[in-house]
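Shown next: data18.cif, containing mmCIF, C-alpha atoms.
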data_query
loop_
_atom_site.group_PDB
_atom_site.id
_atom_site.type_symbol
_atom_site.label_atom_id
_atom_site.label_comp_id
_atom_site.auth_asym_id
_atom_site.auth_seq_id
_atom_site.Cartn_x
_atom_site.Cartn_y
_atom_site.Cartn_z
ATOM 1 C CA MET A 208 116.644 50.910 111.018
ATOM 2 C CA ALA A 209 117.609 47.289 111.610
ATOM 3 C CA ALA A 210 114.970 47.007 114.328
ATOM 4 C CA PHE A 211 112.397 48.537 111.986
ATOM 5 C CA THR A 212 113.319 46.066 109.252
ATOM 6 C CA VAL A 213 112.903 43.189 111.672
ATOM 7 C CA LEU A 214 109.490 44.500 112.742
ATOM 8 C CA VAL A 215 108.374 44.814 109.119
ATOM 9 C CA ALA A 216 109.560 41.280 108.363
ATOM 10 C CA LEU A 217 107.799 39.959 111.474
ATOM 11 C CA ALA A 218 104.585 41.753 110.542
ATOM 12 C CA GLY A 219 104.787 40.256 107.054
ATOM 13 C CA TYR A 220 105.282 36.780 108.475
ATOM 14 C CA VAL A 221 102.326 37.144 110.862
ATOM 15 C CA TYR A 222 100.118 38.428 108.039
ATOM 16 C CA ALA A 223 101.166 35.564 105.770
ATOM 17 C CA GLN A 224 100.412 33.035 108.486
ATOM 18 C CA TYR A 225 97.048 34.671 109.161
ATOM 19 C CA THR A 226 96.164 34.699 105.468
ATOM 20 C CA SER A 227 97.268 31.079 105.062
ATOM 21 C CA SER A 228 95.199 30.082 108.071
ATOM 22 C CA ARG A 229 92.147 31.839 106.666
ATOM 23 C CA ASP A 230 92.640 30.320 103.222
ATOM 24 C CA SER A 231 92.890 26.814 104.690
ATOM 25 C CA SER A 232 89.794 27.152 106.850
ATOM 26 C CA PRO A 233 86.835 25.023 105.773
ATOM 27 C CA ARG A 234 84.458 26.854 103.448
ATOM 28 C CA CYS A 235 81.156 26.022 101.822
ATOM 29 C CA VAL A 236 80.235 27.381 98.407
ATOM 30 C CA VAL A 237 76.938 27.526 96.551
ATOM 31 C CA ARG A 238 77.136 28.075 92.802
ATOM 32 C CA ALA A 239 74.514 28.591 90.153
ATOM 33 C CA ALA A 240 74.386 26.372 87.060
ATOM 34 C CA GLY A 241 74.628 23.171 89.057
ATOM 35 C CA GLY A 242 77.897 24.180 90.663
ATOM 36 C CA GLN A 243 79.923 23.348 87.541
ATOM 37 C CA ASP A 244 80.721 26.777 86.096
ATOM 38 C CA GLU A 245 83.469 28.616 87.995
ATOM 39 C CA ASP A 246 82.273 31.925 86.520
ATOM 40 C CA ALA A 247 78.682 31.424 87.664
ATOM 41 C CA PRO A 248 77.306 33.490 90.566
ATOM 42 C CA SER A 249 78.385 32.028 93.887
ATOM 43 C CA TYR A 250 78.143 32.562 97.618
ATOM 44 C CA THR A 251 80.868 31.489 100.056
ATOM 45 C CA MET A 252 80.264 30.895 103.747
ATOM 46 C CA THR A 253 81.661 29.146 106.797
ATOM 47 C CA PRO A 254 80.416 25.676 107.772
ATOM 48 C CA ASP A 255 78.416 27.225 110.628
ATOM 49 C CA GLN A 256 76.703 29.628 108.241
ATOM 50 C CA ALA A 257 75.961 26.803 105.804
ATOM 51 C CA MET A 258 74.537 24.683 108.618
ATOM 52 C CA ASN A 259 72.250 27.515 109.718
ATOM 53 C CA ALA A 260 71.139 28.268 106.159
ATOM 54 C CA ALA A 261 70.321 24.588 105.557
ATOM 55 C CA THR A 262 68.298 24.495 108.774
ATOM 56 C CA ILE A 263 66.298 27.578 107.804
ATOM 57 C CA SER A 264 65.521 26.002 104.434
ATOM 58 C CA ALA A 265 64.610 22.589 105.883
ATOM 59 C CA VAL A 266 62.217 24.094 108.426
ATOM 60 C CA GLY A 267 60.444 25.988 105.648
ATOM 61 C CA THR A 268 60.098 23.116 103.187
ATOM 62 C CA SER A 269 59.045 20.685 105.928
ATOM 63 C CA ARG A 270 56.050 22.963 106.451
ATOM 64 C CA GLY A 271 55.200 22.755 102.772
ATOM 65 C CA LEU A 272 56.180 26.389 102.145
ATOM 66 C CA PRO A 273 57.384 27.519 98.708
ATOM 67 C CA GLU A 274 60.937 28.397 97.756
ATOM 68 C CA ARG A 275 60.001 32.085 97.899
ATOM 69 C CA ALA A 276 59.351 31.777 101.637
ATOM 70 C CA VAL A 277 62.789 30.231 102.116
ATOM 71 C CA THR A 278 64.382 33.039 100.084
ATOM 72 C CA ILE A 279 62.686 35.663 102.267
ATOM 73 C CA ALA A 280 63.803 33.897 105.443
ATOM 74 C CA LEU A 281 67.410 33.536 104.243
ATOM 75 C CA ALA A 282 67.623 37.185 103.137
ATOM 76 C CA THR A 283 66.320 38.243 106.546
ATOM 77 C CA ALA A 284 68.878 36.121 108.403
ATOM 78 C CA LEU A 285 71.665 37.374 106.124
ATOM 79 C CA GLN A 286 70.797 40.950 107.110
ATOM 80 C CA GLU A 287 70.106 40.362 110.784
ATOM 81 C CA SER A 288 72.977 38.032 111.691
ATOM 82 C CA ALA A 289 74.937 37.109 108.545
ATOM 83 C CA LEU A 290 73.585 33.574 109.145
ATOM 84 C CA ARG A 291 75.277 33.386 112.552
ATOM 85 C CA ASN A 292 73.463 32.266 115.684
ATOM 86 C CA LEU A 293 74.357 35.343 117.723
ATOM 87 C CA ASP A 294 74.118 35.479 121.505
ATOM 88 C CA TYR A 295 73.925 39.277 121.452
ATOM 89 C CA GLY A 296 72.253 42.096 119.538
ATOM 90 C CA ASP A 297 70.426 45.402 119.822
ATOM 91 C CA ARG A 298 68.829 45.522 123.270
ATOM 92 C CA ASP A 299 67.739 41.912 123.907
ATOM 93 C CA SER A 300 67.850 40.715 120.280
ATOM 94 C CA LEU A 301 69.308 37.239 119.770
ATOM 95 C CA GLY A 302 69.871 34.500 117.242
ATOM 96 C CA LEU A 303 69.675 34.170 113.484
ATOM 97 C CA PHE A 304 66.763 36.574 113.112
ATOM 98 C CA GLN A 305 67.608 38.846 116.067
ATOM 99 C CA GLN A 306 64.311 38.054 117.733
ATOM 100 C CA ARG A 307 63.578 39.625 121.131
ATOM 101 C CA PRO A 308 62.331 37.706 124.189
ATOM 102 C CA SER A 309 60.746 40.911 125.469
ATOM 103 C CA LYS A 310 58.598 41.087 122.327
ATOM 104 C CA GLY A 311 57.172 37.599 122.721
ATOM 105 C CA TRP A 312 59.403 35.685 120.306
ATOM 106 C CA GLY A 313 60.281 33.083 122.939
ATOM 107 C CA THR A 314 62.797 32.535 125.691
ATOM 108 C CA GLU A 315 66.481 33.240 125.164
ATOM 109 C CA ALA A 316 67.184 29.511 124.869
ATOM 110 C CA GLN A 317 64.365 29.001 122.351
ATOM 111 C CA ILE A 318 65.440 31.901 120.146
ATOM 112 C CA GLN A 319 68.989 30.562 120.007
ATOM 113 C CA ASP A 320 67.703 27.228 118.700
ATOM 114 C CA PRO A 321 67.850 27.665 114.885
ATOM 115 C CA VAL A 322 64.954 25.251 114.311
ATOM 116 C CA TYR A 323 62.728 27.152 116.744
ATOM 117 C CA SER A 324 63.718 30.639 115.545
ATOM 118 C CA ALA A 325 63.200 29.704 111.885
ATOM 119 C CA GLY A 326 59.813 28.237 112.755
ATOM 120 C CA GLU A 327 58.820 31.456 114.515
ATOM 121 C CA PHE A 328 59.844 33.501 111.486
ATOM 122 C CA TYR A 329 57.739 31.345 109.169
ATOM 123 C CA ASP A 330 54.784 31.424 111.580
ATOM 124 C CA HIS A 331 54.754 35.199 111.277
ATOM 125 C CA LEU A 332 55.514 35.274 107.559
ATOM 126 C CA VAL A 333 52.557 33.110 106.541
ATOM 127 C CA LYS A 334 50.235 35.539 108.322
ATOM 128 C CA VAL A 335 51.278 38.298 105.906
ATOM 129 C CA PRO A 336 48.617 38.384 103.148
ATOM 130 C CA GLY A 337 50.121 37.605 99.751
ATOM 131 C CA TYR A 338 53.676 37.531 101.128
ATOM 132 C CA SER A 339 55.001 35.516 98.168
ATOM 133 C CA ARG A 340 53.936 38.262 95.752
ATOM 134 C CA LEU A 341 55.301 41.163 97.779
ATOM 135 C CA PRO A 342 58.748 42.668 97.213
ATOM 136 C CA LEU A 343 61.115 40.731 99.440
ATOM 137 C CA THR A 344 62.058 43.697 101.587
ATOM 138 C CA GLU A 345 58.384 44.457 102.275
ATOM 139 C CA ALA A 346 57.555 40.862 103.215
ATOM 140 C CA ALA A 347 60.562 40.671 105.543
ATOM 141 C CA GLN A 348 59.786 44.015 107.123
ATOM 142 C CA ARG A 349 56.190 42.999 107.853
ATOM 143 C CA VAL A 350 57.670 40.260 110.048
ATOM 144 C CA GLN A 351 60.709 41.985 111.494
ATOM 145 C CA ARG A 352 59.570 45.598 112.000
ATOM 146 C CA SER A 353 63.165 46.738 111.511
ATOM 147 C CA GLY A 354 64.423 50.294 111.797
ATOM 148 C CA PHE A 355 66.094 49.768 108.412
ATOM 149 C CA PRO A 356 63.294 48.352 106.248
ATOM 150 C CA GLN A 357 65.156 48.613 102.927
ATOM 151 C CA ALA A 358 68.195 46.655 104.142
ATOM 152 C CA TYR A 359 66.832 43.238 103.221
ATOM 153 C CA ALA A 360 66.687 43.891 99.475
ATOM 154 C CA LYS A 361 70.465 43.817 98.972
ATOM 155 C CA HIS A 362 70.575 40.203 100.151
ATOM 156 C CA GLU A 363 67.951 38.892 97.727
ATOM 157 C CA PRO A 364 70.379 37.627 95.024
ATOM 158 C CA ASP A 365 72.454 35.644 97.532
ATOM 159 C CA ALA A 366 69.347 34.397 99.324
ATOM 160 C CA ALA A 367 67.788 33.240 96.043
ATOM 161 C CA LEU A 368 71.006 31.404 95.124
ATOM 162 C CA LEU A 369 71.081 29.677 98.517
ATOM 163 C CA ALA A 370 67.379 28.809 98.406
ATOM 164 C CA SER A 371 67.681 27.275 94.948
ATOM 165 C CA ALA A 372 70.368 24.889 96.207
ATOM 166 C CA LEU A 373 69.031 24.200 99.689
ATOM 167 C CA THR A 374 65.500 23.422 98.510
ATOM 168 C CA GLY A 375 67.018 21.052 95.947
ATOM 169 C CA ARG A 376 65.960 22.871 92.783
ATOM 170 C CA SER A 377 69.628 23.214 91.787
ATOM 171 C CA ALA A 378 71.395 19.860 91.807
ATOM 172 C CA ALA A 379 74.971 19.391 93.072
ATOM 173 C CA ALA A 380 75.169 23.125 93.783
ATOM 174 C CA LEU A 381 76.521 23.126 97.362
ATOM 175 C CA THR A 382 80.001 21.885 98.224
ATOM 176 C CA CYS A 383 82.117 22.183 101.340
ATOM 177 C CA SER A 384 85.848 21.791 101.744
ATOM 178 C CA ALA A 385 87.155 18.978 103.888
ATOM 179 C CA PRO A 386 86.259 19.418 107.570
ATOM 180 C CA SER A 387 89.266 20.210 109.742
ATOM 181 C CA SER A 388 87.591 19.500 113.069
ATOM 182 C CA GLY A 389 88.339 15.774 113.119
ATOM 183 C CA VAL A 390 84.884 15.114 114.544
ATOM 184 C CA SER A 391 83.917 11.438 114.588
ATOM 185 C CA GLY A 392 80.558 10.837 113.026
ATOM 186 C CA ASP A 393 77.599 9.233 114.748
ATOM 187 C CA PRO A 394 74.700 8.036 112.558
ATOM 188 C CA ALA A 395 72.351 8.480 115.529
ATOM 189 C CA LYS A 396 73.198 12.190 115.671
ATOM 190 C CA VAL A 397 72.670 12.523 111.926
ATOM 191 C CA ARG A 398 69.264 10.853 112.280
ATOM 192 C CA ALA A 399 68.366 13.202 115.135
ATOM 193 C CA GLY A 400 69.458 16.217 113.090
ATOM 194 C CA LEU A 401 67.386 15.154 110.112
ATOM 195 C CA VAL A 402 64.289 14.638 112.226
ATOM 196 C CA ARG A 403 64.691 17.986 114.003
ATOM 197 C CA ALA A 404 65.103 19.877 110.742
ATOM 198 C CA PHE A 405 62.680 18.019 108.445
ATOM 199 C CA GLY A 406 60.264 16.329 110.843
ATOM 200 C CA ALA A 407 59.651 12.723 111.838
ATOM 201 C CA ASP A 408 58.467 11.673 108.359
ATOM 202 C CA VAL A 409 61.948 12.105 106.903
ATOM 203 C CA LEU A 410 63.049 8.709 108.298
ATOM 204 C CA PRO A 411 60.283 6.096 108.155
ATOM 205 C CA ALA A 412 60.646 3.165 110.503
ATOM 206 C CA GLY A 413 62.943 0.431 109.219
ATOM 207 C CA ARG A 414 64.804 2.650 106.738
ATOM 208 C CA SER A 415 67.606 3.984 108.902
ATOM 209 C CA ALA A 416 70.629 2.183 107.480
ATOM 210 C CA GLY A 417 71.937 0.761 104.248
ATOM 211 C CA ARG A 418 74.965 -0.622 102.460
ATOM 212 C CA SER A 419 78.216 1.273 102.064
ATOM 213 C CA ALA A 420 78.050 4.427 99.982
ATOM 214 C CA PRO A 421 79.744 4.678 96.588
ATOM 215 C CA GLY A 422 83.418 5.370 97.058
ATOM 216 C CA ALA A 423 83.448 4.108 100.635
ATOM 217 C CA GLY A 424 84.949 0.801 99.563
ATOM 218 C CA ASP A 425 84.375 -2.614 101.023
ATOM 219 C CA THR A 426 85.384 -1.576 104.535
ATOM 220 C CA GLY A 427 82.810 -3.457 106.527
ATOM 221 C CA ASP A 428 81.577 -0.198 108.055
ATOM 222 C CA ALA A 429 78.068 -0.113 106.602
ATOM 223 C CA GLY A 430 76.804 0.630 110.109
ATOM 224 C CA ARG A 431 78.273 4.114 109.770
ATOM 225 C CA GLU A 432 75.985 4.904 106.848
ATOM 226 C CA LEU A 433 72.498 6.339 106.890
ATOM 227 C CA SER A 434 70.219 5.611 103.933
ATOM 228 C CA VAL A 435 67.495 8.257 103.709
ATOM 229 C CA PRO A 436 64.527 7.369 101.486
ATOM 230 C CA VAL A 437 63.637 10.188 99.142
ATOM 231 C CA THR A 438 60.080 8.925 98.671
ATOM 232 C CA ALA A 439 59.172 10.376 102.081
ATOM 233 C CA THR A 440 59.102 13.983 100.924
ATOM 234 C CA ALA A 441 59.002 17.037 103.096
ATOM 235 C CA GLY A 442 55.869 19.147 103.083
ATOM 236 C CA SER A 443 52.242 18.244 102.491
ATOM 237 C CA ALA A 444 52.790 15.623 99.786
ATOM 238 C CA GLY A 445 54.802 13.408 102.096
ATOM 239 C CA ARG A 446 52.568 13.878 105.105
ATOM 240 C CA ARG A 447 49.397 13.091 103.150
ATOM 241 C CA GLY A 448 50.864 10.082 101.374
ATOM 242 C CA LYS A 449 50.453 11.525 97.894
ATOM 243 C CA SER A 450 52.474 10.106 95.025
ATOM 244 C CA VAL A 451 55.638 11.997 94.182
ATOM 245 C CA ASP A 452 56.755 12.486 90.585
ATOM 246 C CA THR A 453 60.338 12.047 89.472
ATOM 247 C CA SER A 454 61.220 15.753 89.475
ATOM 248 C CA ALA A 455 59.832 16.253 92.974
ATOM 249 C CA ARG A 456 61.727 13.198 94.217
ATOM 250 C CA SER A 457 64.956 14.472 92.665
ATOM 251 C CA ARG A 458 64.472 17.899 94.200
ATOM 252 C CA HIS A 459 63.859 16.483 97.671
ATOM 253 C CA GLY A 460 66.856 14.206 97.286
ATOM 254 C CA TRP A 461 69.162 17.114 96.513
ATOM 255 C CA GLU A 462 67.671 19.039 99.398
ATOM 256 C CA LEU A 463 68.621 16.201 101.756
ATOM 257 C CA ALA A 464 72.043 15.756 100.138
ATOM 258 C CA HIS A 465 72.894 19.443 100.395
ATOM 259 C CA TRP A 466 71.697 19.497 104.015
ATOM 260 C CA ALA A 467 74.090 16.644 104.806
ATOM 261 C CA VAL A 468 77.063 18.367 103.157
ATOM 262 C CA ALA A 469 76.260 21.573 105.050
ATOM 263 C CA GLN A 470 76.310 19.581 108.298
ATOM 264 C CA SER A 471 79.515 17.693 107.461
ATOM 265 C CA THR A 472 81.825 19.571 109.825
ATOM 266 C CA ALA A 473 79.441 19.569 112.783
ATOM 267 C CA LEU A 474 78.263 15.955 112.411
ATOM 268 C CA GLY A 475 81.416 14.279 111.120
ATOM 269 C CA ILE A 476 79.977 13.361 107.714
ATOM 270 C CA ASP A 477 82.665 12.311 105.238
ATOM 271 C CA GLU A 478 80.613 11.213 102.220
ATOM 272 C CA VAL A 479 77.195 11.924 100.698
ATOM 273 C CA SER A 480 75.815 10.301 97.561
ATOM 274 C CA PHE A 481 72.684 10.745 95.480
ATOM 275 C CA ALA A 482 71.571 10.268 91.878
ATOM 276 C CA GLY A 483 74.899 8.964 90.632
ATOM 277 C CA ARG A 484 76.885 11.788 92.249
ATOM 278 C CA VAL A 485 79.061 11.742 95.351
ATOM 279 C CA TRP A 486 80.629 14.381 97.581
ATOM 280 C CA SER A 487 83.572 13.109 99.600
ATOM 281 C CA ALA A 488 85.530 14.996 102.259
ATOM 282 C CA LYS A 489 88.806 13.481 101.076
ATOM 283 C CA ASP A 490 88.121 14.716 97.533
ATOM 284 C CA ALA A 491 86.228 17.851 98.529
ATOM 285 C CA ALA A 492 88.100 20.022 96.050
ATOM 286 C CA LYS A 493 86.495 18.027 93.220
ATOM 287 C CA GLY A 494 82.989 18.860 94.408
ATOM 288 C CA TRP A 495 80.246 16.439 93.375
ATOM 289 C CA ARG A 496 81.819 13.654 91.303
ATOM 290 C CA THR A 497 79.936 11.410 88.904
ATOM 291 C CA VAL A 498 79.926 7.753 89.939
ATOM 292 C CA ASP A 499 79.879 5.191 87.135
ATOM 293 C CA GLY A 500 78.592 1.646 86.955
ATOM 294 C CA SER A 501 77.135 -0.411 89.765
ATOM 295 C CA ALA A 502 78.313 2.046 92.431
ATOM 296 C CA ALA A 503 75.979 4.755 91.141
ATOM 297 C CA THR A 504 72.855 5.464 93.139
ATOM 298 C CA GLY A 505 69.427 6.315 91.782
ATOM 299 C CA THR A 506 66.906 8.775 93.163
ATOM 300 C CA ASP A 507 65.364 6.513 95.809
ATOM 301 C CA ASP A 508 67.886 7.134 98.583
ATOM 302 C CA VAL A 509 70.398 9.676 99.816
ATOM 303 C CA ARG A 510 73.305 7.901 101.473
ATOM 304 C CA ILE A 511 75.176 9.667 104.239
ATOM 305 C CA HIS A 512 78.385 8.120 105.521
ATOM 306 C CA THR A 513 79.925 9.254 108.803
ATOM 307 C CA ALA A 514 83.637 9.469 109.631
ATOM 308 C CA ARG A 515 85.347 7.234 112.133
#
As structure tokens, what does this structure read like?
Amino acid sequence: MAAFTVLVALAGYVYAQYTSSRDSSPRCVVRAAGGQDEDAPSYTMTPDQAMNAATISAVGTSRGLPERAVTIALATALQESALRNLDYGDRDSLGLFQQRPSKGWGTEAQIQDPVYSAGEFYDHLVKVPGYSRLPLTEAAQRVQRSGFPQAYAKHEPDAALLASALTGRSAAALTCSAPSSGVSGDPAKVRAGLVRAFGADVLPAGRSAGRSAPGAGDTGDAGRELSVPVTATAGSAGRRGKSVDTSARSRHGWELAHWAVAQSTALGIDEVSFAGRVWSAKDAAKGWRTVDGSAATGTDDVRIHTAR
């Protein structure tokens, strides 16, 4: 009996440690209603899942595709891989969308590149006549040819919530808890990530750096900050040099800001600011805070500060 009691106590300790470890792991959350209402619909994911979701969204909007296309792509990836870049699957299926090299989707290495695999999904989706007006499960199935064609529908609410935030329609809707990886940031890697996800137009020449972000303090480390101009929009408007109205600029700014927060663990980003709001890793529990006075930023730039 004494031995049994000890085993029970040990099992309880191990479970408590496991639960504590899980609870303290970094998490990213998307909430409706601008991320302010705790009772609003939400979706919680790991930093890796958030990073993959943000990439899928960025690839779609950089092609000038509508939010509906991004929703379809996210719902498909939620079903196929739970937004994880898998190196296994049914037969030779791989990656976020479980695409098969043997079916002409690309090489194994290409399919496991989220930018490439998302691009392939969109290439096939836009060939579906009237895809944006079809039920989501039908549009996804026309691309995927799955053995479970109705499975995509259950992910539509979560995918729509993610798409609203990641395309920038919902402001300050994505937050992540403080990264635990201790990764040092490198502005060059952030620039490279932005260009890979959004295309070369996202960072016009001569606009790669700026002054310290709000909340960073006068630390003399402005070289660790990236200032991304929001006037260079993703999609056709930016590429064709068309003027961008205030709402479109704000939406693109939040798209970039949410992308940066989603990448914070992988790229060592410790602060992101836009439109008078700031997300900071050290105050991650507070979400997007309002910045008052001269430290507030407008809608011309998203400022991304990297950790030392």
Item to check | Pick from A:Ala404, A:Thr472, A:Gly483, A:Tyr295, whichever lies nearest to Arg307 in chain A using only C-alpha atoms | outcome: A:Tyr295
Checklist entry - Which one of A:Ile263, A:Leu341, A:Ala282, A:Ala372 sits closest to Tyr359 in chain A if you count only C-alpha atoms? => result A:Ala282
Checklist entry - Of the candidates A:Ala492, A:Leu381, A:Val498, A:Val236, which one gets nearest to Trp466 in chain A if we count all atoms listed in the file? => result A:Leu381
Next on the checklist: Translate the PyMOL selection byres ((chain A and resi 481) around 12) into a concrete residue list for this structure, as a PyMOL selection string.
Outcome noted: chain A and resi 375+378-379+420-421+434-437+456-465+467-468+478-480+482-487+495-498+502-512
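Selection result for the displayed file, with the PyMOL selection byres ((chain A and resi 401) around 10) as criterion, is Thr262, Ala265, Ala395, Lys396, Val397, Arg398, Ala399, Gly400, Val402, Arg403, Ala404, Phe405, Gly406, Ala407, Asp408, Val409, Leu410, Val435, Leu463, Trp466 and Ala467 of chain A.
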Expected selection from the PyMOL selection byres ((chain A and resi 255) around 10), given as an mmCIF file with C-alpha atoms, keeping the file's coordinate frame:
data_model
loop_
_atom_site.group_PDB
_atom_site.id
_atom_site.type_symbol
_atom_site.label_atom_id
_atom_site.label_comp_id
_atom_site.auth_asym_id
_atom_site.auth_seq_id
_atom_site.Cartn_x
_atom_site.Cartn_y
_atom_site.Cartn_z
ATOM 1 C CA PRO A 233 86.835 25.023 105.773
ATOM 2 C CA ARG A 234 84.458 26.854 103.448
ATOM 3 C CA CYS A 235 81.156 26.022 101.822
ATOM 4 C CA MET A 252 80.264 30.895 103.747
ATOM 5 C CA THR A 253 81.661 29.146 106.797
ATOM 6 C CA PRO A 254 80.416 25.676 107.772
ATOM 7 C CA GLN A 256 76.703 29.628 108.241
ATOM 8 C CA ALA A 257 75.961 26.803 105.804
ATOM 9 C CA MET A 258 74.537 24.683 108.618
ATOM 10 C CA ASN A 259 72.250 27.515 109.718
ATOM 11 C CA ALA A 260 71.139 28.268 106.159
ATOM 12 C CA ALA A 261 70.321 24.588 105.557
ATOM 13 C CA LEU A 290 73.585 33.574 109.145
ATOM 14 C CA ARG A 291 75.277 33.386 112.552
ATOM 15 C CA ASN A 292 73.463 32.266 115.684
ATOM 16 C CA ALA A 469 76.260 21.573 105.050
ATOM 17 C CA GLN A 470 76.310 19.581 108.298
ATOM 18 C CA THR A 472 81.825 19.571 109.825
ATOM 19 C CA ALA A 473 79.441 19.569 112.783
#
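Look at range 273-277 of chain A: the protein and nucleic acid residues within 7 Å of it, using all atoms listed in the file and passing over chain neighbours fewer than 4 places away, are Ser264, Gly267, Thr268, Leu281, Ser339, Ala370 and Thr374 of chain A.
We find CA of Tyr250 in chain A and CA of Val350 in chain A to be spaced 25.2 Å apart.
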